[in-house]
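Notes for the one structure printed next.
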Amino acid sequence: MGAILNDIWGNSINAVKLLTTRLGKLELSTPLLVASGTFDLENFEFFDPACLGAFVSKTITREPKKGNPPPRLYETEAGLINSIGLQNPGLDKFIHEKLPVYRDKLSMPLIVSFSGSTISEFCQMLETLEASAGIAGYEVNVSCPNVENEGIAFGTDPDIVFELTRRLQEITDKELCIKLSPNVTDIATIAAAAEAGGASSLALINSLWGMAIDYRTGKSKIKKGIGGYTGCGVKPVALALTYKVAQAVRIPILAMGGIYNWQDALEFIWAGASAISLGTANFINPLAAPELIMGLGEYLLSTKKSINDLKGKVEI
Amino acid sequence: MGAILNDIWGNSINAVKLLTTRLGKLELSTPLLVASGTFDLENFEFFDPACLGAFVSKTITREPKKGNPPPRLYETEAGLINSIGLQNPGLDKFIHEKLPVYRDKLSMPLIVSFSGSTISEFCQMLETLEASAGIAGYEVNVSCPNVENEGIAFGTDPDIVFELTRRLQEITDKELCIKLSPNVTDIATIAAAAEAGGASSLALINSLWGMAIDYRTGKSKIKKGIGGYTGCGVKPVALALTYKVAQAVRIPILAMGGIYNWQDALEFIWAGASAISLGTANFINPLAAPELIMGLGEYLLSTKKSINDLKGKVEI
Amino acid sequence: MNSPQYRQRAIQLREELSDEYFILWIWDEALGAAGKPGQFYEIRALSSLANLQTFHAIPKLFKPISIYDNQGGRIGFMIKKVGTGTNALSRLRAGDTLELIGPCGTGFPVFRGRRILLISGGIGYPPLWYLQKELINHNQIYWMHGGGGQADVFPCDEIWTEDGSIGRKGRVCDNLEETITKHEVDTVYSCGPQGLLRTVCEITNKLDIEHYCSLEAYMACGIGVCHGCAVPIGHPEDWTFKRVCKEGPVFNAKEIRWELF
Amino acid sequence: MNSPQYRQRAIQLREELSDEYFILWIWDEALGAAGKPGQFYEIRALSSLANLQTFHAIPKLFKPISIYDNQGGRIGFMIKKVGTGTNALSRLRAGDTLELIGPCGTGFPVFRGRRILLISGGIGYPPLWYLQKELINHNQIYWMHGGGGQADVFPCDEIWTEDGSIGRKGRVCDNLEETITKHEVDTVYSCGPQGLLRTVCEITNKLDIEHYCSLEAYMACGIGVCHGCAVPIGHPEDWTFKRVCKEGPVFNAKEIRWELF
Ligand SMILES: Cc1cc2nc3c(=O)[nH]c(=O)nc-3n(C[C@H](O)[C@H](O)[C@H](O)COP(=O)(O)OP(=O)(O)OC[C@H]3O[C@@H](n4cnc5c(N)ncnc54)[C@H](O)[C@@H]3O)c2cc1C
Ligand SMILES: Cc1cc2nc3c(=O)[nH]c(=O)nc-3n(C[C@H](O)[C@H](O)[C@H](O)COP(=O)(O)OP(=O)(O)OC[C@H]3O[C@@H](n4cnc5c(N)ncnc54)[C@H](O)[C@@H]3O)c2cc1C
Ligand SMILES: Cc1cc2nc3c(=O)[nH]c(=O)nc-3n(C[C@H](O)[C@H](O)[C@H](O)COP(=O)(O)O)c2cc1C
Ligand SMILES: Cc1cc2nc3c(=O)[nH]c(=O)nc-3n(C[C@H](O)[C@H](O)[C@H](O)COP(=O)(O)O)c2cc1C
Ligand code: FES
Ligand code: FES
């Protein structure tokens, strides 16, 4: 692994071994990933890419998406509200313009996040992506409204999640990770449905609903009103849901939601995560990734434990 | 109204008028209440009770409840996780020991919070409470698991909420406020069900799920694992849900969730709340209530607006 | 003054004991008159909710700290830095403002004519200091205190350290049964970490000796309203959760249901 | 240096302009060589995530601040205190550490032999200061600046204040059409509050004059990855959301779709 870790641990091969983890079909050199929509190649100007076990790209849809009107961001006392509206260039442009660059530049597995508004749209997209080289796996973003089903988000209905996953796993042999929304009554049932459908891993959480209003003027800080809430303030929720899902499924969990440092990462690993992602933290601290991986590596070395030894071993 | 306000506003009758609000059947002298389980008579040692428009007591159940094993509390970066487990002396002791004291000591309307595990238990409790003097209204805590319905919490099923509310409103003519849980896929439908069933107001939010783990030892900070997350970090979520519910119903909303100061209170009023409650803030700042009401009063005076003028007028 | 009060008081003096331990002194005659040994205050370095708007710093909970000393209004808090709250307190200097809620809890029962053993571990020392001053003229007292190492021990009759750096090496409860017998102890007061208190309770229960034990708990309100600080108290078949901040922190050792912790 | 870099740099000098405005100077030759007028940095008072554990203070986002001056590595940021982030910056003194991400964005196009009008409002001044130094020897420049009152205005050719406390009374764009005609302006550069920029765009579009307008947006990443800073840019029938931090902050006035803001 990268120079960055060797610098700290004096070429210690042990730390490197302790950090490896498995996310479904992927063997990762570190348990650290980046959350879809919060990270891109530009961030590699700030640190050594070897920190990352895999790279998750921003969610794409079949057609280009303009995204939501501004303002799209507001920082609260303990997190961030965003309302990007899945702005993206669409599947074609992704495959012809972004993917070749990723193939060229990325030194770690690429996980492509995508979303659709009908099951067949998801399937078509996956078929097209399967025809392209350089993709190690998929993160399926099911938080888009389902046009076949009264606009209810895919991710809130276990039957739809089951059916969607079943259809998708028929198309690909690569890593198939379903990304769950926290804004549901019973995330464990949805997680179990994804597992039953054939998902090889789960990612959680996507953003919580959040809102902020200018107390002087009464104006919503976000143009669309309600946005997605992420960062430090959502950590207790993300951790609770990670634990719930870990109790309900056997497939690996990629956990995220308010992870800012290695201590946070450990909480999620104890709760049952096989890997973790940095999202909002990338904005708050450009060096969040290397600092996390160094702290985690040092902790593992000092306790002589691997990710696997700690995973899910929370004591209740 | 109380000396505390007159001190600040020079006996200004205007501020007093501007602060009045209506919560269903109750005319309140201020829009400030206290969240069930976070406040009791002891707090009145700290400030003038005239700050409060009404008093909400800790949730009672028919039988006494021992509550959850310790540790029950953990403070996170931006809030509090609790796992009290509805410890309470039960309905009988409440009526014979607590209620007389409240009747004696409270200078504002008393709203009694109660909970049950079957619809008939809720009804029986309400009948018993109706026979007692000194109660201005009820807050119905529907976050207890429903024993008739596979242990699923009452508050997560719109049909049950409708039926429960319908039955309860037949028993009482007093204020009937249904307190909603935020841990649901679609709070607006549940709110609408409560309104259709005959609720005269809604309270929200109860606590979010939350968890914290000691990163060194892997031990859950809360004995039961998952607890209820409240305070500053939940504010964006509470505000989003308040707005959603305000769009879905016409009955008044008693909003709470991370309100710490008057600026926070205003955000919820803009979003559609007729009244607001302080919960976790009572622990963080013993003077949160008077400071909030003074700040809010000064704001209303300076803008010559009443609660009613601002309520729900958020600009999206 | 029956119920806990809220006050903001200037720190009169700060005493440095070691890197980890320090004492904050305030002055308040009325509070001084109200406090009893074993009672505590919820205290905090002055924090303003206004900070939320200006600095985006979120104020945190108060922390329970025993009355260490009370000289008719000169009230002392002896504090060990262990985490966020106590570290914030450790940054305070004379002249800075302390927020207080208290006095909280019920305190120790005070007797006359007894043969008393005080036993404390680490930060269990401060409440016993205040207690022994109340007991000293009317009872025979033997005080044993233990800690991790040299920094964790304070004046008393018998010192134990786990690393053996001063006093006897081991845990302060290692010889407890013999000490109780040798000194013909009839009443024990204890305060310290859970593990220690549990052992002391086992021994005094076995010997059937009166024992008042001051428990710790994570607290939110400190005044009995939130039920966050509950501990299981009562008879094995008939116990309830009592509040450390209201019915406690001192409980009769016979009634503490350790098996339910 | 094509992409923004992350640096921590000591503040060399802090210059006080008024209660609300100040300048922070740092020194970095490589960054100095990379920066162009109209570009900006995401900056912050050094915050550590370690604070989360020790002080429970949650670090916040960086804030976009234009390059105000750049003398071959002596880089200045002129800042107005308006909220949390800029207030944290205002507490910095010489010797303190600044965190920087940049240079960000594309900056202003630079021409020769033009008749240029610079128009700025409030905190739109700093990027135009750096720009006019680049333009001054090769163009004819007229600079108009407006602000609320005396504290908000800085050296230029024509000053406006809303309260009339100094210069002409009114908004800096009140006489804009005449000024453009009188000075035979062919190129306009603008920066300032949205309302002002919108008016300036309307006028220059009507007169069909080249106009480069530097927009503001709330930012998270500052480097083009989050799409949080989007503004609608393009033709009325064929526009997309462009990123102020990457394709901007400077846009061609004709392409800014104000009707979609
Ligand atoms: C009635 C009572 C009287 C006390 N008297 C004193 C005193 O006189 N002097 C003194 O220094 N301390 C005293 N304590 C302990 C003191 O309250 C805690 O050390 C303090 O609350 C820790 O807060 P923190 O924010 O610094 O640490 P945190 O960041 O909350 O925690 C640091 C570590 O301490 C543990 N911890 C936190 N709070 C407690 C607790 N209440 N009990 C056990 N472990 C805890 C955490 O799990 C963590 O490992 C007393 C406690 C009680 C309940
Ligand atoms: C490309 C660019 C260059 C800039 N250059 C400078 C500069 O050289 N000097 C300077 O002082 N400022 C500059 N700004 C503005 C500066 O970034 C904001 O003032 C700052 O982000 C406010 O942050 P805060 O935390 O202090 O205030 P906040 O607490 O975030 O907000 C305070 C008030 O300002 C409003 N506000 C916050 N951010 C913005 C924003 N980006 N645009 C409009 N309103 C906002 C809020 O709604 C609120 O009313 C620039 C902005 C951009 C986008
Ligand atoms: C600006 C922004 C953009 C995001 N875009 C996406 C996206 O395109 N697809 C997706 O699945 N999640 C998206 N997310 C959610 C994150 O991937 C992640 O699930 C969430 O931020 C929680 O993690 P955090 O608290 O560490 O940020 C976005 C989050 C932010 C803040
Ligand atoms: C310690 C504690 C105890 C609570 N007990 C109850 C309760 O008995 N009944 C209830 O309906 N809500 C209870 N709640 C939830 C609060 O009433 C309130 O809904 C929640 O705390 C959100 O508001 P806040 O963020 O202002 O605290 C409790 C919350 C806390 C922190
Ligand atoms: S801390 Fe709230 S009841 Fe004891
Ligand atoms: S601020 Fe993230 S893309 Fe511009």
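Starting from 1 in every chain, residues are counted up; chains themselves are A, B, ... following the order of the structure tokens, and ligands are numbered from 1 as listed.
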
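Shell of Ile233 of chain D at 9 Å, with only C-alpha atoms counted and residues fewer than 5 places along the chain excluded, is Asp238, Trp239, Thr240, Phe241, Lys242, Phe251, Asn252, Lys254, Glu255, Ile256, Arg257 and Trp258 of chain D.
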
*Would you mind listing what lies within 12 Å of Asn175 of chain D as a list in words, with only C-alpha atoms counted and same-chain residues fewer than 5 positions away left out?*
Ile119, Met144, Gly146, Glu158, Trp160, Arg168, Lys169, Gly170, Ile180, Thr181, Lys182, Thr199, Val200 and Ile203 of chain D

Could you please take those selected residues and save N, CA and C atoms as a CSV table (one decimal), in the first residue's frame?
```csv
chain,number,residue,atom,x,y,z
D,119,ILE,N,-17.5,47.9,-11.8
D,119,ILE,CA,-18.5,48.4,-10.9
D,119,ILE,C,-18.7,47.3,-9.8
D,144,MET,N,-16.4,52.4,-10.3
D,144,MET,CA,-17.5,52.9,-9.4
D,144,MET,C,-17.7,51.9,-8.4
D,146,GLY,N,-20.0,51.1,-4.7
D,146,GLY,CA,-21.1,51.6,-3.8
D,146,GLY,C,-21.2,50.7,-2.5
D,158,GLU,N,-15.4,56.7,-8.4
D,158,GLU,CA,-16.7,57.3,-8.1
D,158,GLU,C,-17.3,56.5,-7.0
D,160,TRP,N,-20.4,55.7,-4.2
D,160,TRP,CA,-21.8,55.9,-3.9
D,160,TRP,C,-22.1,55.3,-2.5
D,168,ARG,N,-21.7,60.0,-3.7
D,168,ARG,CA,-23.0,60.3,-4.2
D,168,ARG,C,-24.0,59.4,-3.4
D,169,LYS,N,-25.2,59.9,-3.2
D,169,LYS,CA,-26.2,59.2,-2.5
D,169,LYS,C,-27.1,58.4,-3.4
D,170,GLY,N,-27.2,57.1,-3.1
D,170,GLY,CA,-28.0,56.2,-3.9
D,170,GLY,C,-27.3,54.9,-4.2
D,180,ILE,N,-22.0,54.7,-18.7
D,180,ILE,CA,-21.5,53.9,-19.8
D,180,ILE,C,-21.4,54.7,-21.1
D,181,THR,N,-22.4,55.4,-21.3
D,181,THR,CA,-22.4,56.2,-22.6
D,181,THR,C,-21.4,57.3,-22.5
D,182,LYS,N,-21.3,58.0,-21.4
D,182,LYS,CA,-20.4,59.1,-21.3
D,182,LYS,C,-19.0,58.7,-21.4
D,199,THR,N,-29.2,44.2,-11.9
D,199,THR,CA,-29.5,45.5,-12.5
D,199,THR,C,-28.4,45.8,-13.5
D,200,VAL,N,-27.2,45.6,-13.1
D,200,VAL,CA,-26.0,45.9,-14.1
D,200,VAL,C,-26.2,45.0,-15.3
D,203,ILE,N,-28.8,46.3,-17.7
D,203,ILE,CA,-28.4,47.5,-18.4
D,203,ILE,C,-27.4,47.1,-19.5
```

For ligand 6, collect every residue having any atom at a distance of at most 7 Å from a ligand atom (counting only C-alpha atoms and all ligand atoms); output as a PDB file with N, CA and C atoms, in the first residue's frame.
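Saved file selection-v4.pdb follows:
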```pdb
ATOM      1  N   MET D 219     -21.067  27.711  -0.726  1.00  0.00           N
ATOM      2  CA  MET D 219     -20.230  26.613  -1.224  1.00  0.00           C
ATOM      3  C   MET D 219     -19.971  25.562  -0.162  1.00  0.00           C
ATOM      4  N   ALA D 220     -19.797  24.328  -0.614  1.00  0.00           N
ATOM      5  CA  ALA D 220     -19.354  23.266   0.296  1.00  0.00           C
ATOM      6  C   ALA D 220     -17.913  22.892  -0.033  1.00  0.00           C
ATOM      7  N   CYS D 221     -17.676  22.390  -1.264  1.00  0.00           N
ATOM      8  CA  CYS D 221     -16.339  21.885  -1.581  1.00  0.00           C
ATOM      9  C   CYS D 221     -15.414  22.956  -2.142  1.00  0.00           C
ATOM     10  N   GLY D 222     -15.930  23.853  -2.979  1.00  0.00           N
ATOM     11  CA  GLY D 222     -15.091  24.869  -3.614  1.00  0.00           C
ATOM     12  C   GLY D 222     -14.259  24.358  -4.774  1.00  0.00           C
ATOM     13  N   ILE D 223     -14.314  23.065  -5.060  1.00  0.00           N
ATOM     14  CA  ILE D 223     -13.439  22.501  -6.101  1.00  0.00           C
ATOM     15  C   ILE D 223     -14.215  21.773  -7.189  1.00  0.00           C
ATOM     16  N   GLY D 224     -15.541  21.965  -7.202  1.00  0.00           N
ATOM     17  CA  GLY D 224     -16.305  21.432  -8.327  1.00  0.00           C
ATOM     18  C   GLY D 224     -16.894  20.049  -8.155  1.00  0.00           C
ATOM     19  N   VAL D 225     -16.790  19.473  -6.959  1.00  0.00           N
ATOM     20  CA  VAL D 225     -17.267  18.095  -6.845  1.00  0.00           C
ATOM     21  C   VAL D 225     -18.699  17.950  -6.316  1.00  0.00           C
ATOM     22  N   CYS D 226     -19.205  18.941  -5.588  1.00  0.00           N
ATOM     23  CA  CYS D 226     -20.484  18.730  -4.903  1.00  0.00           C
ATOM     24  C   CYS D 226     -21.683  19.316  -5.653  1.00  0.00           C
ATOM     25  N   HIS D 227     -21.467  20.177  -6.605  1.00  0.00           N
ATOM     26  CA  HIS D 227     -22.534  20.838  -7.363  1.00  0.00           C
ATOM     27  C   HIS D 227     -23.461  21.665  -6.476  1.00  0.00           C
ATOM     28  N   GLY D 228     -22.925  22.127  -5.358  1.00  0.00           N
ATOM     29  CA  GLY D 228     -23.748  22.889  -4.427  1.00  0.00           C
ATOM     30  C   GLY D 228     -23.875  24.357  -4.819  1.00  0.00           C
ATOM     31  N   CYS D 229     -22.936  24.850  -5.631  1.00  0.00           N
ATOM     32  CA  CYS D 229     -22.838  26.287  -5.893  1.00  0.00           C
ATOM     33  C   CYS D 229     -23.412  26.648  -7.262  1.00  0.00           C
ATOM     34  N   ALA D 230     -24.331  25.810  -7.739  1.00  0.00           N
ATOM     35  CA  ALA D 230     -24.798  25.945  -9.120  1.00  0.00           C
ATOM     36  C   ALA D 230     -25.593  27.221  -9.365  1.00  0.00           C
ATOM     37  N   ARG D 243     -21.144  25.580 -12.133  1.00  0.00           N
ATOM     38  CA  ARG D 243     -20.625  25.725 -10.777  1.00  0.00           C
ATOM     39  C   ARG D 243     -19.870  27.046 -10.612  1.00  0.00           C
ATOM     40  N   VAL D 244     -20.283  27.866  -9.664  1.00  0.00           N
ATOM     41  CA  VAL D 244     -19.596  29.126  -9.387  1.00  0.00           C
ATOM     42  C   VAL D 244     -18.137  28.865  -9.026  1.00  0.00           C
ATOM     43  N   CYS D 245     -17.875  27.740  -8.370  1.00  0.00           N
ATOM     44  CA  CYS D 245     -16.511  27.477  -7.904  1.00  0.00           C
ATOM     45  C   CYS D 245     -15.605  26.927  -8.997  1.00  0.00           C
ATOM     46  N   LYS D 246     -16.167  26.507 -10.122  1.00  0.00           N
ATOM     47  CA  LYS D 246     -15.338  25.834 -11.127  1.00  0.00           C
ATOM     48  C   LYS D 246     -15.437  26.584 -12.473  1.00  0.00           C
TER      49      LYS D 246
END
```

*Separation of atom CA of Phe46 of chain B from atom CA of Glu75 of chain B, in Å and rounded to one decimal*: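 A separation of 22.7 Å between them.
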
*asked:* Taking only C-alpha atoms and all ligand atoms into account, which residues have an atom no farther than 7 Å from ligand 1? I'd like them as a PyMOL selection string.
replied: chain C and resi 40+63-68+77-87+123-124+126-127+215-219+244-245+249

_Run DSSP on the backbone and tell me which residues of segment 115-194 of chain C come out as helix (DSSP H, G or I); list them as a list in words._
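Those in segment 115-194 of chain C that DSSP calls helix (DSSP H, G or I) are Gly122, Ile123, Gly124, Tyr125, Pro126, Pro127, Leu128, Trp129, Tyr130, Leu131, Gln132, Lys133, Glu134, Leu135, Gln150, Ala151, Asp152, Leu176, Glu177, Glu178, Thr179, Ile180, Thr181, Lys182 and Gln194 of chain C.
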
*Non-local contacts of Ser36 of chain B (6 Å; only C-alpha atoms; under 6 positions in same chain excluded) as a PyMOL selection string*: chain B and resi 56-58

*Would you mind listing what lies within 8 Å of segment 59-66 of chain B as a PyMOL selection string, with only C-alpha atoms counted and same-chain residues fewer than 2 positions away left out?*
(chain B and resi 36-37+57+68+85-92+94+112-116+121+125+141) or (chain C and resi 240-241)

_Near-Ala188 of chain A list (12 Å; only C-alpha atoms; drop same-chain fewer than 5 positions) as an NGL selection string_ = :A and (155-158 or 180-182 or 193-195 or 202 or 204 or 240-250)

*Test item, strand (DSSP E) assignment across segment 50-128 of chain D, answer as a ChimeraX atom specification*: /D:63-66,69-71,74-80,97-104,115-121

_Need the shell around Gln140 of chain C: protein/DNA/RNA residues with any atom at most 9 Å away, counting only C-alpha atoms. Skip same-chain ones fewer than 4 positions apart. Format as a ChimeraX atom specification?_
/C:113-117,135-136

_At a cut-off of 6 Å, using only C-alpha atoms, what residues contact Pro103 of chain C? Leave out same-chain residues fewer than 5 positions from it and give the result as a PyMOL selection string._
chain C and resi 4+35+40-41

*What is the atom CA of Ile84 of chain A to atom CA of Lys235 of chain A distance in Å?*
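Interatomic distance, atom CA of Ile84 of chain A to atom CA of Lys235 of chain A: 21.1 Å.
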
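You will find atom CA of Glu184 of chain C at 15.5 Å from atom CA of Arg112 of chain C.
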
Return as a tab-separated table the residues of chain A lying at most 10 Å from chain C, together with the closest atom-to-atom pair for each and the distance in Å to one decimal, counting only C-alpha atoms, with rows in chain order and ascending residue number.
```
residue	atom	partner	partner_atom	distance
A:Thr76	CA	C:His56	CA	8.6
A:Glu77	CA	C:His56	CA	5.8
A:Ala78	CA	C:His56	CA	8.4
```
